[in-house]
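Below is one structure, written out as structure tokens, with a few remarks after it.
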Amino acid sequence: MSSRELERSTTAIEVKVLPFGPLSELISPESTLQLSFPLPVAALRESLVARFPVLEEHTFRIAVDRRMHREETVITEAEEVALLPPFAGG
Amino acid sequence: MDIEITPELHLHYGPLPVERISQVLSRWAEDSRIGGVTSFAGVVRADKTEDGKVSSIEFSAYQEMAEPGIRAMAERIAAEVVEEHGGPVRLYVEHALGPVRIGEIPIVIVAGAGHRPAAFELCRSVLEALKSEIPIYGKELLEEAGHRWKENR
């Protein structure tokens with residue numbers, strides 16, 4: 001990897017944060033977060049809670065680009081991160 | 001392939017018409033392999049909470065994830081049911097978005113199979129998986145004022 005590529009890979013990029021259900025009343029749907037990849041889902045969760053402290057009081061799953069992952073999965077890129085409280089369909 | 005999932009597997013704005021179940025049944029009547037059809041309709045209930053009585057539920061979803069999610073889940077469960085009971089199976093799933101009042105229908109599942117065990121199992125398993133796996137939300141509007149968020153147990 002050239003130094004230029006390395007620099008690009010460690011640069012923080014802006015990711016959309018999409019809150020759903022009850023979280024849509026607490027976090028703006030226009031929110032964004034600066035993230036550097038690669039990033040394990042558990043670290044992503046910590047970044048989200050640091051940026052939106054209200055999340056500490058809520059149970060939520062994370063979908064990265066419309067897919068849910070295990071906490072240990074390493075995410076290499078993302079455009080949108082959805083915050084998904086317990087589901088209520090049916 | 002022994003699995004057929006009807007294309008009307010989707011999210012629908014507003015309450016679902018009660019005729020939906022008979023429409024699906026009529027359409028499947030021409031499939032002479034089907035010997036049993038079971039259906040489920042969810043109905044909004046007038047739950048009483050400490051803050052008041054529920055008058056309607058406003059459903060919302062992460063649509064870009066929910067629609068492909070319902071399809072993938074339905075295909076997975078249909079394949080499991082065929083593995084256990086044999087085919088064919090047919091499945092129809094529809095969920096409402098937007099406001100649905102007491103007594104109205106936010107979800108319809110119709111499952112058909114050669115014999116009843118597969119039809120019952122498919123209908124129930126798809127319903128349970130939808131509740132636990134698909135990002136759909138329900139804001140319960142209360143009669144007096146205010147709201148609370150529905151949560152599946």
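Labeling convention for the structure tokens: chains A, B, ... as they appear, residues from 1 per chain, ligands from 1 in order of appearance.
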Extract, using only C-alpha atoms, all DNA, RNA and protein residues at most 10 Å from Ala46 in chain B, discarding same-chain residues fewer than 2 positions from it, and format them as a VMD selection string. chain B and resid 43 to 44 48 to 49 52 to 56 101 to 103 140 142 to 143
Store the residues picked out above in a file with N, CA and C atoms, as a short mmCIF file (atom, residue, chain, number, x, y, z; two decimals), in the first residue's frame.
```cif
data_model
loop_
_atom_site.label_atom_id
_atom_site.label_comp_id
_atom_site.auth_asym_id
_atom_site.auth_seq_id
_atom_site.Cartn_x
_atom_site.Cartn_y
_atom_site.Cartn_z
N VAL B 43 -54.69 -7.84 14.17
CA VAL B 43 -55.71 -6.81 14.32
C VAL B 43 -55.28 -5.87 15.43
N VAL B 44 -55.42 -4.57 15.23
CA VAL B 44 -55.02 -3.62 16.28
C VAL B 44 -56.02 -3.70 17.43
N LYS B 48 -55.07 -1.16 27.01
CA LYS B 48 -55.13 -0.10 28.03
C LYS B 48 -53.74 0.02 28.65
N THR B 49 -53.23 1.23 28.73
CA THR B 49 -51.94 1.47 29.37
C THR B 49 -52.18 2.44 30.52
N GLY B 52 -53.35 5.72 29.15
CA GLY B 52 -54.59 5.84 28.36
C GLY B 52 -54.77 4.63 27.46
N LYS B 53 -55.85 4.68 26.68
CA LYS B 53 -56.18 3.55 25.82
C LYS B 53 -55.62 3.78 24.42
N VAL B 54 -55.12 2.71 23.81
CA VAL B 54 -54.56 2.82 22.46
C VAL B 54 -55.71 3.00 21.46
N SER B 55 -55.59 3.99 20.56
CA SER B 55 -56.64 4.21 19.57
C SER B 55 -56.20 3.81 18.17
N SER B 56 -54.91 3.85 17.91
CA SER B 56 -54.39 3.40 16.62
C SER B 56 -52.89 3.19 16.74
N ARG B 101 -56.12 1.77 12.61
CA ARG B 101 -56.94 1.97 13.81
C ARG B 101 -57.37 0.64 14.45
N ILE B 102 -57.94 0.74 15.64
CA ILE B 102 -58.44 -0.44 16.36
C ILE B 102 -59.38 -1.22 15.44
N GLY B 103 -59.19 -2.53 15.41
CA GLY B 103 -60.05 -3.38 14.59
C GLY B 103 -59.57 -3.52 13.16
N GLU B 140 -47.90 3.69 19.14
CA GLU B 140 -49.28 3.52 19.61
C GLU B 140 -49.81 4.87 20.06
N LEU B 142 -52.48 7.24 21.77
CA LEU B 142 -53.42 7.05 22.86
C LEU B 142 -54.64 7.96 22.67
N GLU B 143 -55.80 7.50 23.17
CA GLU B 143 -57.06 8.22 22.97
C GLU B 143 -57.00 9.65 23.46
#
```
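All chain A residues having an atom within 8 Å of chain B, based on only C-alpha atoms, amount to A:Phe20, A:Gly21, A:Pro22, A:Arg66, A:Arg67, A:Leu84, A:Pro86, A:Phe87, A:Ala88, A:Gly89, A:Gly90.
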Which residue gives the smallest distance to Tyr13 in chain B among B:Gly36, B:Pro117, B:Gly112, B:Pro99, with only C-alpha atoms counted?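 Between B:Gly36, B:Pro117, B:Gly112, B:Pro99, the residue approaching Tyr13 in chain B most closely is B:Pro99.
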Rounded to one decimal, what separation in Å do you get between CA of Pro88 in chain B and CA of Ala113 in chain B? 5.6 Å
Which of range 3-127 of chain B DSSP labels strand (DSSP E or B), written as a VMD selection string: chain B and resid 3 to 5 10 to 13 16 36 to 42 48 to 49 52 to 61 89 to 101 105 107 to 113
